[in-house]
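So this block is structure.txt, compact mmCIF, C-alpha atoms:
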# COMPACT_ATOMS: atom_id res chain seq x y z
CA MET L 187 -114.81 -71.39 75.98
CA GLN L 188 -115.91 -72.46 79.43
CA TYR L 189 -119.25 -70.67 79.01
CA TRP L 190 -120.07 -72.13 75.59
CA ILE L 191 -121.80 -75.31 76.76
CA PRO L 192 -124.07 -73.70 79.41
CA LYS L 193 -125.13 -70.96 77.00
CA THR L 194 -125.83 -73.50 74.26
CA VAL L 195 -127.88 -75.65 76.60
CA ALA L 196 -129.83 -72.63 77.79
CA LEU L 197 -130.55 -71.55 74.25
CA GLY L 198 -131.69 -75.05 73.37
CA VAL L 199 -134.07 -75.13 76.33
CA ILE L 200 -135.50 -71.73 75.40
CA LEU L 201 -136.07 -72.77 71.80
CA GLY L 202 -137.57 -76.06 72.91
CA LEU L 203 -140.00 -74.40 75.29
CA SER L 204 -140.98 -71.67 72.85
CA GLY L 205 -141.47 -74.19 70.01
CA CYS L 206 -142.88 -72.87 66.79
CA SER L 207 -143.62 -69.50 68.33
CA VAL L 208 -140.02 -68.54 67.59
CA PHE L 209 -140.75 -68.55 63.85
CA THR L 210 -143.29 -66.57 61.88
CA ASN L 211 -146.31 -68.66 60.96
CA ASP L 212 -146.05 -68.25 57.19
CA THR L 213 -145.74 -71.94 56.29
CA HIS L 214 -149.00 -72.01 54.36
CA HIS L 215 -148.64 -68.63 52.72
CA GLU L 216 -149.28 -68.83 48.98
CA ARG L 217 -145.84 -67.46 48.18
CA ASN L 218 -144.36 -70.72 49.49
CA TYR L 219 -146.42 -72.93 47.13
CA ARG L 220 -144.91 -74.33 43.94
CA ILE L 221 -146.70 -77.31 42.37
CA ASN L 222 -144.78 -78.92 39.49
CA LYS L 223 -145.97 -81.35 36.81
CA ALA L 224 -146.39 -84.93 37.85
CA VAL L 225 -143.84 -87.54 36.78
CA GLN L 226 -144.51 -88.55 33.16
CA VAL L 227 -144.99 -92.34 32.79
CA PRO L 228 -144.73 -93.97 29.35
CA GLY L 229 -148.13 -94.92 27.91
CA ASP L 230 -147.40 -98.63 27.76
CA LEU L 231 -146.81 -98.73 31.52
CA LYS L 232 -149.37 -98.80 34.26
CA GLN L 233 -150.17 -95.32 35.55
CA PRO L 234 -149.73 -94.80 39.31
CA TYR L 235 -152.84 -94.40 41.37
CA LYS L 236 -153.82 -90.80 42.19
CA ASP L 237 -156.13 -90.16 45.10
CA PRO L 238 -158.57 -87.50 43.90
CA THR L 239 -158.70 -86.07 47.43
CA TYR L 240 -155.15 -84.76 47.13
CA VAL L 241 -155.01 -83.69 43.52
CA MET L 242 -153.36 -80.27 43.12
CA GLN L 243 -153.36 -78.11 40.03
CA GLU L 244 -150.07 -77.02 38.57
CA ALA L 245 -149.28 -73.53 39.81
CA GLN L 246 -146.46 -71.23 40.79
CA TYR L 247 -146.80 -68.03 42.79
CA ASN L 248 -144.64 -64.94 42.71
CA ASN L 249 -142.60 -64.35 45.85
CA ASP L 250 -142.95 -60.57 45.81
CA THR L 251 -145.24 -59.96 48.76
CA GLU L 252 -144.75 -57.03 51.15
CA VAL L 253 -141.53 -57.17 53.11
CA LEU L 254 -142.11 -58.02 56.77
CA ALA L 255 -140.78 -55.69 59.50
CA LEU L 256 -138.35 -57.91 61.33
CA ARG L 257 -136.55 -55.22 63.35
CA PRO L 258 -136.75 -55.84 67.09
CA PRO L 259 -137.98 -53.23 69.58
CA GLN L 260 -135.40 -50.66 70.62
CA GLN L 261 -133.65 -51.31 73.96
CA VAL L 262 -133.16 -48.69 76.68
CA LEU L 263 -129.41 -48.42 77.24
CA THR L 264 -128.49 -48.16 80.92
CA LEU L 265 -125.07 -46.68 80.18
CA ALA L 266 -125.00 -44.12 82.99
CA ALA L 267 -123.74 -45.07 86.45
CA GLY L 268 -126.68 -45.98 88.68
CA SER L 269 -129.20 -46.25 85.83
CA TRP L 270 -131.60 -49.20 85.50
CA VAL L 271 -134.91 -50.25 83.96
CA GLU L 272 -137.91 -52.18 85.24
CA GLN L 273 -138.45 -55.54 83.61
CA ASN L 274 -141.36 -55.66 81.14
CA ASP L 275 -141.91 -51.90 81.43
CA LYS L 276 -144.25 -50.77 78.64
CA LEU L 277 -142.96 -47.19 78.77
CA ALA L 278 -139.74 -45.77 77.35
CA ARG L 279 -138.42 -45.11 80.85
CA VAL L 280 -135.18 -45.29 82.80
CA PHE L 281 -134.46 -44.96 86.52
CA PHE L 282 -131.48 -43.17 88.07
CA ASP L 283 -130.01 -43.66 91.53
CA LYS L 284 -128.49 -40.64 93.25
CA ASN L 285 -124.77 -41.09 92.71
CA ASP L 286 -122.06 -39.58 94.89
CA GLY L 287 -121.50 -35.92 94.07
CA ILE L 288 -125.03 -35.26 92.76
CA GLU L 289 -126.77 -32.84 95.10
CA ASP L 290 -130.18 -32.64 93.37
CA LEU L 291 -130.98 -35.68 91.22
CA THR L 292 -133.96 -34.23 89.33
CA SER L 293 -132.02 -31.06 88.49
CA PHE L 294 -129.17 -33.20 87.17
CA ILE L 295 -131.60 -35.14 84.94
CA TRP L 296 -133.15 -31.91 83.61
CA GLN L 297 -129.64 -30.64 82.91
CA ALA L 298 -129.06 -33.66 80.65
CA VAL L 299 -132.40 -33.06 78.89
CA ASN L 300 -131.48 -29.39 78.34
CA PHE L 301 -128.11 -30.33 76.83
CA VAL L 302 -129.77 -32.75 74.38
CA VAL L 303 -132.31 -30.13 73.34
CA ALA L 304 -129.56 -27.54 72.87
CA GLU L 305 -127.46 -29.99 70.88
CA ASN L 306 -130.38 -30.46 68.48
CA GLN L 307 -130.61 -26.65 68.18
CA ILE L 308 -134.22 -26.50 69.34
CA GLY L 309 -136.12 -25.31 72.38
CA PHE L 310 -139.07 -26.30 74.52
CA GLU L 311 -142.65 -25.67 73.51
CA SER L 312 -143.53 -25.83 77.21
CA MET L 313 -141.81 -26.74 80.46
CA ASN L 314 -143.10 -27.21 84.00
CA LYS L 315 -140.42 -28.64 86.29
CA VAL L 316 -142.80 -28.51 89.27
CA GLN L 317 -145.03 -31.04 87.51
CA GLY L 318 -141.96 -32.72 86.05
CA GLU L 319 -142.92 -32.33 82.38
CA ALA L 320 -141.38 -30.70 79.32
CA LEU L 321 -142.54 -30.68 75.67
CA THR L 322 -139.90 -30.18 72.97
CA ASP L 323 -140.13 -28.37 69.67
CA TRP L 324 -139.88 -30.30 66.39
CA TYR L 325 -136.66 -32.23 65.82
CA SER L 326 -135.52 -35.62 64.53
CA VAL L 327 -133.76 -38.33 66.53
CA ILE L 328 -132.91 -40.08 63.24
CA THR L 329 -130.02 -38.49 61.37
CA PRO L 330 -130.15 -38.41 57.55
CA SER L 331 -128.23 -41.04 55.65
CA SER L 332 -124.96 -39.83 54.16
CA LYS L 333 -125.28 -38.26 50.74
CA TRP L 334 -122.98 -36.74 48.13
CA PHE L 335 -122.10 -33.10 48.69
CA TRP L 336 -124.33 -31.86 45.84
CA GLN L 337 -127.43 -33.50 47.27
CA GLU L 338 -129.58 -32.14 50.06
CA GLU L 339 -129.81 -33.93 53.34
CA THR L 340 -133.41 -34.60 54.30
CA THR L 341 -134.77 -36.09 57.49
CA PRO L 342 -137.30 -38.91 57.09
CA SER L 343 -139.46 -37.52 59.90
CA LYS L 344 -139.77 -34.90 62.64
CA GLN L 345 -141.09 -35.49 66.12
CA LYS L 346 -142.11 -33.81 69.34
CA TYR L 347 -141.45 -35.51 72.66
CA LYS L 348 -142.72 -35.09 76.19
CA PHE L 349 -140.08 -35.80 78.83
CA THR L 350 -141.35 -36.60 82.31
CA VAL L 351 -139.19 -36.67 85.46
CA SER L 352 -140.59 -38.28 88.59
CA GLN L 353 -138.78 -38.52 91.92
CA SER L 354 -139.29 -41.12 94.64
CA GLU L 355 -140.34 -40.07 98.15
CA HIS L 356 -136.92 -40.83 99.63
CA GLN L 357 -135.35 -38.68 96.84
CA ARG L 358 -132.61 -41.22 96.19
CA THR L 359 -134.14 -42.41 92.92
CA ALA L 360 -135.83 -40.65 90.01
CA SER L 361 -137.20 -41.78 86.66
CA LEU L 362 -137.17 -40.20 83.21
CA SER L 363 -139.60 -41.19 80.47
CA ALA L 364 -139.95 -40.10 76.84
CA GLU L 365 -143.29 -40.05 74.99
CA LEU L 366 -143.82 -39.28 71.30
CA VAL L 367 -146.67 -36.75 71.17
CA ASP L 368 -146.52 -35.58 67.55
CA TYR L 369 -145.06 -36.91 64.29
CA GLN L 370 -144.58 -35.58 60.75
CA SER L 371 -143.36 -37.47 57.69
CA ASP L 372 -144.20 -37.61 54.01
CA GLU L 373 -142.30 -40.85 53.52
CA VAL L 374 -142.53 -43.07 56.60
CA GLU L 375 -145.80 -44.14 58.17
CA LEU L 376 -145.88 -44.18 61.96
CA THR L 377 -146.42 -47.68 63.34
CA ASP L 378 -146.48 -48.92 66.93
CA LEU L 379 -143.02 -50.42 66.48
CA LEU L 380 -141.59 -47.22 64.99
CA LYS L 381 -143.16 -45.18 67.80
CA GLN L 382 -141.46 -47.38 70.39
CA GLN L 383 -138.12 -47.14 68.60
CA LEU L 384 -138.30 -43.35 68.35
CA GLU L 385 -139.23 -42.91 72.02
CA VAL L 386 -136.42 -45.15 73.23
CA ARG L 387 -133.92 -43.48 70.92
CA ALA L 388 -134.88 -40.05 72.28
CA LEU L 389 -134.54 -41.42 75.82
CA ASN L 390 -131.14 -43.00 75.10
CA GLN L 391 -129.79 -39.66 73.94
CA VAL L 392 -130.55 -38.20 77.38
CA VAL L 393 -129.09 -41.25 79.18
CA ALA L 394 -125.85 -40.85 77.23
CA GLU L 395 -125.75 -37.13 78.07
CA PHE L 396 -126.44 -37.89 81.76
CA ASP L 397 -123.48 -40.29 81.75
CA TYR L 398 -121.22 -37.70 80.09
CA GLN L 399 -122.19 -34.92 82.52
CA TYR L 400 -121.65 -37.19 85.52
CA ARG L 401 -118.18 -38.14 84.30
CA LEU L 402 -117.34 -34.42 84.04
CA LEU L 403 -118.65 -33.95 87.59
CA LEU L 404 -116.40 -36.74 88.88
CA VAL L 405 -113.38 -35.09 87.26
CA GLU L 406 -114.19 -31.78 89.00
CA LEU L 407 -114.73 -33.53 92.34
CA ARG L 408 -111.36 -35.24 92.09
CA LYS L 409 -109.71 -31.90 91.33
CA GLN L 410 -111.26 -30.41 94.48
CA GLN L 411 -110.53 -33.32 96.79
CA GLY L 412 -106.75 -33.27 97.04
CA GLN L 413 -105.29 -35.10 100.03
CA LEU L 414 -107.30 -35.96 103.11
CA ALA L 415 -106.18 -33.97 106.18
CA LEU L 416 -107.50 -34.88 109.62
CA ASP L 417 -107.52 -32.69 112.74
CA MET L 418 -108.94 -33.36 116.20
CA GLY L 419 -112.31 -31.99 117.24
CA PHE L 420 -115.85 -33.05 118.03
CA ASP L 421 -118.82 -34.44 116.12
CA PRO L 422 -122.33 -32.83 116.27
CA LYS L 423 -123.14 -34.92 119.40
CA GLY L 424 -120.05 -33.72 121.30
CA ASN L 425 -118.03 -36.92 120.94
CA ALA L 426 -114.31 -36.77 120.30
CA ALA L 427 -113.79 -37.09 116.55
CA MET L 428 -111.46 -36.37 113.70
CA VAL L 429 -112.33 -33.31 111.62
CA ALA L 430 -111.71 -32.98 107.86
CA ALA L 431 -111.91 -29.70 105.97
CA GLN L 432 -113.98 -31.22 103.16
CA PRO L 433 -117.68 -31.85 102.43
CA LEU L 434 -119.22 -35.08 103.71
CA ASN L 435 -119.41 -36.99 100.42
CA ILE L 436 -115.78 -36.21 99.59
CA VAL L 437 -114.59 -37.31 103.03
CA ILE L 438 -116.39 -40.66 102.67
CA ALA L 439 -114.76 -41.35 99.30
CA ASN L 440 -111.31 -40.12 100.42
CA LEU L 441 -111.34 -41.95 103.72
CA ALA L 442 -112.41 -45.24 102.15
CA ASN L 443 -109.56 -44.91 99.65
CA VAL L 444 -106.98 -44.21 102.37
CA LEU L 445 -108.12 -47.01 104.68
CA GLU L 446 -108.02 -49.62 101.93
CA ARG L 447 -104.27 -48.93 101.57
CA LEU L 448 -103.64 -49.26 105.30
CA ASN L 449 -104.78 -52.87 105.75
CA PHE L 450 -108.46 -52.08 106.19
CA THR L 451 -111.17 -53.99 104.36
CA ILE L 452 -114.27 -51.97 103.47
CA ILE L 453 -117.12 -54.31 104.38
CA SER L 454 -119.95 -51.93 103.53
CA VAL L 455 -120.75 -48.28 102.86
CA ASP L 456 -124.11 -47.14 104.26
CA GLY L 457 -125.15 -44.17 102.15
CA GLU L 458 -128.25 -43.52 104.24
CA LYS L 459 -126.35 -43.31 107.56
CA ASP L 460 -123.11 -41.96 106.02
CA GLU L 461 -121.23 -44.74 107.77
CA LEU L 462 -118.35 -47.06 106.85
CA HIS L 463 -118.12 -50.60 108.22
CA VAL L 464 -114.46 -51.61 108.08
CA ARG L 465 -112.22 -54.42 109.32
CA TYR L 466 -108.60 -53.85 110.38
CA GLU L 467 -105.76 -56.40 110.26
CA LYS L 468 -102.28 -55.45 111.42
CA PRO L 469 -99.67 -55.75 108.61
CA GLU L 470 -96.64 -57.98 108.99
CA ASP L 471 -93.29 -56.23 109.09
CA SER L 472 -90.90 -57.56 106.44
CA VAL L 473 -87.16 -57.27 106.04
CA TRP L 474 -87.76 -56.26 102.43
CA ASP L 475 -89.59 -53.15 103.61
CA SER L 476 -86.47 -51.85 105.36
CA ILE L 477 -84.29 -52.72 102.37
CA TRP L 478 -86.47 -50.78 99.95
CA GLY L 479 -87.05 -47.96 102.41
CA ASP L 480 -90.79 -48.64 102.87
CA GLU L 481 -92.06 -48.10 106.39
CA VAL L 482 -94.92 -50.33 107.44
CA THR L 483 -97.72 -48.32 109.04
CA ILE L 484 -99.10 -50.08 112.13
CA LEU L 485 -102.05 -48.25 113.63
CA PRO L 486 -102.57 -48.08 117.44
CA ILE L 487 -105.89 -49.96 117.38
CA GLU L 488 -106.81 -53.59 117.88
CA GLU L 489 -107.61 -55.86 114.97
CA GLY L 490 -111.31 -56.23 114.30
CA ASP L 491 -114.38 -54.42 112.98
CA TYR L 492 -115.02 -50.70 113.30
CA ARG L 493 -117.86 -48.40 112.33
CA ILE L 494 -116.89 -44.93 111.17
CA LYS L 495 -119.62 -42.27 111.18
CA ILE L 496 -119.12 -39.21 108.97
CA ALA L 497 -121.27 -36.18 109.82
CA SER L 498 -121.49 -32.74 108.25
CA LEU L 499 -120.34 -29.83 110.44
CA SER L 500 -120.70 -27.23 107.69
CA ASP L 501 -120.60 -26.96 103.91
CA LYS L 502 -116.81 -27.36 104.00
CA GLU L 503 -116.17 -29.38 107.14
CA SER L 504 -117.04 -32.89 108.34
CA SER L 505 -116.47 -34.98 111.48
CA VAL L 506 -115.25 -38.59 111.57
CA THR L 507 -116.31 -40.60 114.64
CA TRP L 508 -114.77 -44.04 115.29
CA ARG L 509 -116.60 -46.80 117.17
CA ASN L 510 -115.72 -50.44 117.68
CA ASN L 511 -118.12 -53.18 116.61
CA ASP L 512 -119.83 -53.01 120.04
CA GLY L 513 -120.76 -49.40 119.42
CA GLU L 514 -118.26 -47.96 121.93
CA ALA L 515 -116.50 -44.76 120.85
CA LEU L 516 -112.71 -44.71 120.90
CA THR L 517 -111.20 -42.72 123.76
CA ALA L 518 -109.91 -39.24 123.01
CA GLU L 519 -106.32 -40.35 123.69
CA LEU L 520 -106.51 -43.36 121.37
CA LEU L 521 -108.30 -41.31 118.71
CA SER L 522 -105.59 -38.62 118.86
CA GLU L 523 -102.84 -41.22 118.44
CA LEU L 524 -104.75 -42.79 115.52
CA GLN L 525 -105.20 -39.39 113.90
CA GLN L 526 -101.45 -38.68 114.05
CA LYS L 527 -100.63 -42.07 112.51
CA LEU L 528 -103.17 -41.58 109.72
CA ASN L 529 -101.87 -38.09 108.89
CA LYS L 530 -98.29 -39.41 108.81
CA ALA L 531 -99.28 -42.25 106.47
CA ILE L 532 -101.23 -39.88 104.23
CA GLY L 533 -98.26 -37.50 104.00
CA SER L 534 -95.55 -40.13 103.49
CA LYS L 535 -97.43 -42.31 101.03
CA GLY L 536 -99.23 -39.49 99.21
CA LEU L 537 -102.55 -41.22 99.78
CA SER L 538 -105.44 -39.46 98.07
CA ILE L 539 -108.22 -40.26 95.67

Would you give me this structure, written as structure tokens?
Amino acid sequence: MQYWIPKTVALGVILGLSGCSVFTNDTHHERNYRINKAVQVPGDLKQPYKDPTYVMQEAQYNNDTEVLALRPPQQVLTLAAGSWVEQNDKLARVFFDKNDGIEDLTSFIWQAVNFVVAENQIGFESMNKVQGEALTDWYSVITPSSKWFWQEETTPSKQKYKFTVSQSEHQRTASLSAELVDYQSDEVELTDLLKQQLEVRALNQVVAEFDYQYRLLLVELRKQQGQLALDMGFDPKGNAAMVAAQPLNIVIANLANVLERLNFTIISVDGEKDELHVRYEKPEDSVWDSIWGDEVTILPIEEGDYRIKIASLSDKESSVTWRNNDGEALTAELLSELQQKLNKAIGSKGLSI
């Protein structure tokens, strides 16, 4: 209820600014005219004055004109994680950010397109992934309306679409667009509005498939992650560091999850530098912890901000380098003591993603 008044005021302002443009300008259409007989005045009374300028003949028009198309344009649904659209984009297009776990973004998008094409039991008339274009065979994005079992199901139209995938220079973002290139129908005429609706509907099918495939990927990643185990070693620059037997992206996600449960606050995650900015506050020991058998984990570091750099050592191994907020690396002795405390907390509390 607390949002009702602001939303109402906003709507009123919008309607006030837009004025009559909100409504269709059919006020003077002939179907709205109905002129009835004038009031009959007895003959022995004075007749009212009638200005000849405004005399109208009795008439009534049938209100059976062509039905107006009042359906709004179709909206691109940004259902998938990391998907977004550009405001006022004239194309049926969606953008995807490279989410954690996706190694090749364009390949992942094409995988979603392939699944949609396979689900419609069709193929591609042509495909050139180097140019980022694919042309489908005939199919329909509009399913037939439900009919009785003795009647045939017919599709109102068939279409061909060109899907285009374009990747940004930094390869962290890519776009997918859908364009209607051919149309067949004996019943429904293709209009600009229908073309827009068909293109967006074809695009939304791929967005939904992208979302589904990414959710499956996350499930597989979580199965592979298990618990985070940290050993002592060195990072690629020769600094003392913790070493985890997991790929870089998994270590980042696992480590952030563990630290949040050990009185760390994750201030930021820099995906470009593969770095965590965290803040540590020592927990307060409570008598209730001893009663319930919970041991408070106090780490051997000072309270404050730390920057944790994760670097890839191999396909299955990553280093974790700790620095304070002044950029100074922790000593090997302090890092070893911290590593032992973290491993103990991970083992006793079962901390994992």

Within 8 Å of range 491-510 of chain L, which residues of range 324-423 of chain L come that close, and what is the closest atom pair and distance in Å for each? Count all atoms listed in the file and give it as a tab-separated table.
residue	atom	partner	partner_atom	distance
L:Gly419	CA	L:Ser505	CA	7.7
L:Phe420	CA	L:Ser505	CA	6.9
L:Asp421	CA	L:Ser505	CA	5.2
L:Pro422	CA	L:Leu499	CA	6.9

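Residues in contact range of Ala298 in chain L, defined as at most 7 Å between all atoms listed in the file, with sequence neighbours fewer than 2 positions away removed, read Phe294, Ile295, Trp296, Asn300, Phe301, Val302, Val392, Glu395 and Phe396 of chain L.
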
One decimal place gives the CA of Val299 in chain L-CA of Lys315 in chain L separation as 11.8 Å

Smallest atom-to-atom distance to Trp324 in chain L: which of L:Thr350, L:Gln370, L:Glu289, L:Pro259, using only C-alpha atoms?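 Residue with the minimum atom-to-atom distance to Trp324 in chain L: L:Gln370.
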
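Residue nearest Lys381 in chain L, chosen from L:Leu277, L:Val437, L:Leu462, L:Val444 and counting all atoms listed in the file: L:Leu277.
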
What's around Glu458 in chain L at 10 Å? Count all atoms listed in the file, leave out sequence neighbours fewer than 3 positions away in its own chain, and write the answer as a short mmCIF file (atom, residue, chain, number, x, y, z; two decimals) with C-alpha atoms, in the frame of the given file.
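Listed below is the output, around.cif:
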data_model
loop_
_atom_site.label_atom_id
_atom_site.label_comp_id
_atom_site.auth_asym_id
_atom_site.auth_seq_id
_atom_site.Cartn_x
_atom_site.Cartn_y
_atom_site.Cartn_z
CA ARG L 358 -132.61 -41.22 96.19
CA VAL L 455 -120.75 -48.28 102.86
CA GLU L 461 -121.23 -44.74 107.77
#

Which one of L:Asp286, L:Val262, L:Ile328, L:Glu523 sits closest to Arg401 in chain L if you count all atoms listed in the file?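 Of L:Asp286, L:Val262, L:Ile328, L:Glu523, the one nearest Arg401 in chain L is L:Asp286, counting all atoms listed in the file.
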
For Asn390 in chain L, which residue out of L:Leu321, L:Ile487, L:Val327, L:Val482 is the nearest one, using only C-alpha atoms? L:Val327

Counting only C-alpha atoms, find residues at most 12 Å from (-103.3, -43.0, 118.9) (file frame) and give them as a list of chain:residue names. L:Met418, L:Met428, L:Ile484, L:Leu485, L:Pro486, L:Ile487, L:Glu488, L:Leu516, L:Thr517, L:Ala518, L:Glu519, L:Leu520, L:Leu521, L:Ser522, L:Glu523, L:Leu524, L:Gln525, L:Gln526, L:Lys527, L:Leu528, L:Asn529, L:Lys530

Got time to write the residues from that selection, C-alpha atoms, as a PDB file, keeping the file's coordinate frame?
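Final file, again.pdb:
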ATOM      1  CA  MET L 418    -108.940 -33.360 116.200  1.00  0.00           C
ATOM      2  CA  MET L 428    -111.460 -36.370 113.700  1.00  0.00           C
ATOM      3  CA  ILE L 484     -99.100 -50.080 112.130  1.00  0.00           C
ATOM      4  CA  LEU L 485    -102.050 -48.250 113.630  1.00  0.00           C
ATOM      5  CA  PRO L 486    -102.570 -48.080 117.440  1.00  0.00           C
ATOM      6  CA  ILE L 487    -105.890 -49.960 117.380  1.00  0.00           C
ATOM      7  CA  GLU L 488    -106.810 -53.590 117.880  1.00  0.00           C
ATOM      8  CA  LEU L 516    -112.710 -44.710 120.900  1.00  0.00           C
ATOM      9  CA  THR L 517    -111.200 -42.720 123.760  1.00  0.00           C
ATOM     10  CA  ALA L 518    -109.910 -39.240 123.010  1.00  0.00           C
ATOM     11  CA  GLU L 519    -106.320 -40.350 123.690  1.00  0.00           C
ATOM     12  CA  LEU L 520    -106.510 -43.360 121.370  1.00  0.00           C
ATOM     13  CA  LEU L 521    -108.300 -41.310 118.710  1.00  0.00           C
ATOM     14  CA  SER L 522    -105.590 -38.620 118.860  1.00  0.00           C
ATOM     15  CA  GLU L 523    -102.840 -41.220 118.440  1.00  0.00           C
ATOM     16  CA  LEU L 524    -104.750 -42.790 115.520  1.00  0.00           C
ATOM     17  CA  GLN L 525    -105.200 -39.390 113.900  1.00  0.00           C
ATOM     18  CA  GLN L 526    -101.450 -38.680 114.050  1.00  0.00           C
ATOM     19  CA  LYS L 527    -100.630 -42.070 112.510  1.00  0.00           C
ATOM     20  CA  LEU L 528    -103.170 -41.580 109.720  1.00  0.00           C
ATOM     21  CA  ASN L 529    -101.870 -38.090 108.890  1.00  0.00           C
ATOM     22  CA  LYS L 530     -98.290 -39.410 108.810  1.00  0.00           C
TER      23      LYS L 530
END

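Between CA of Ala515 in chain L and CA of Lys423 in chain L lies a distance of 12.0 Å.
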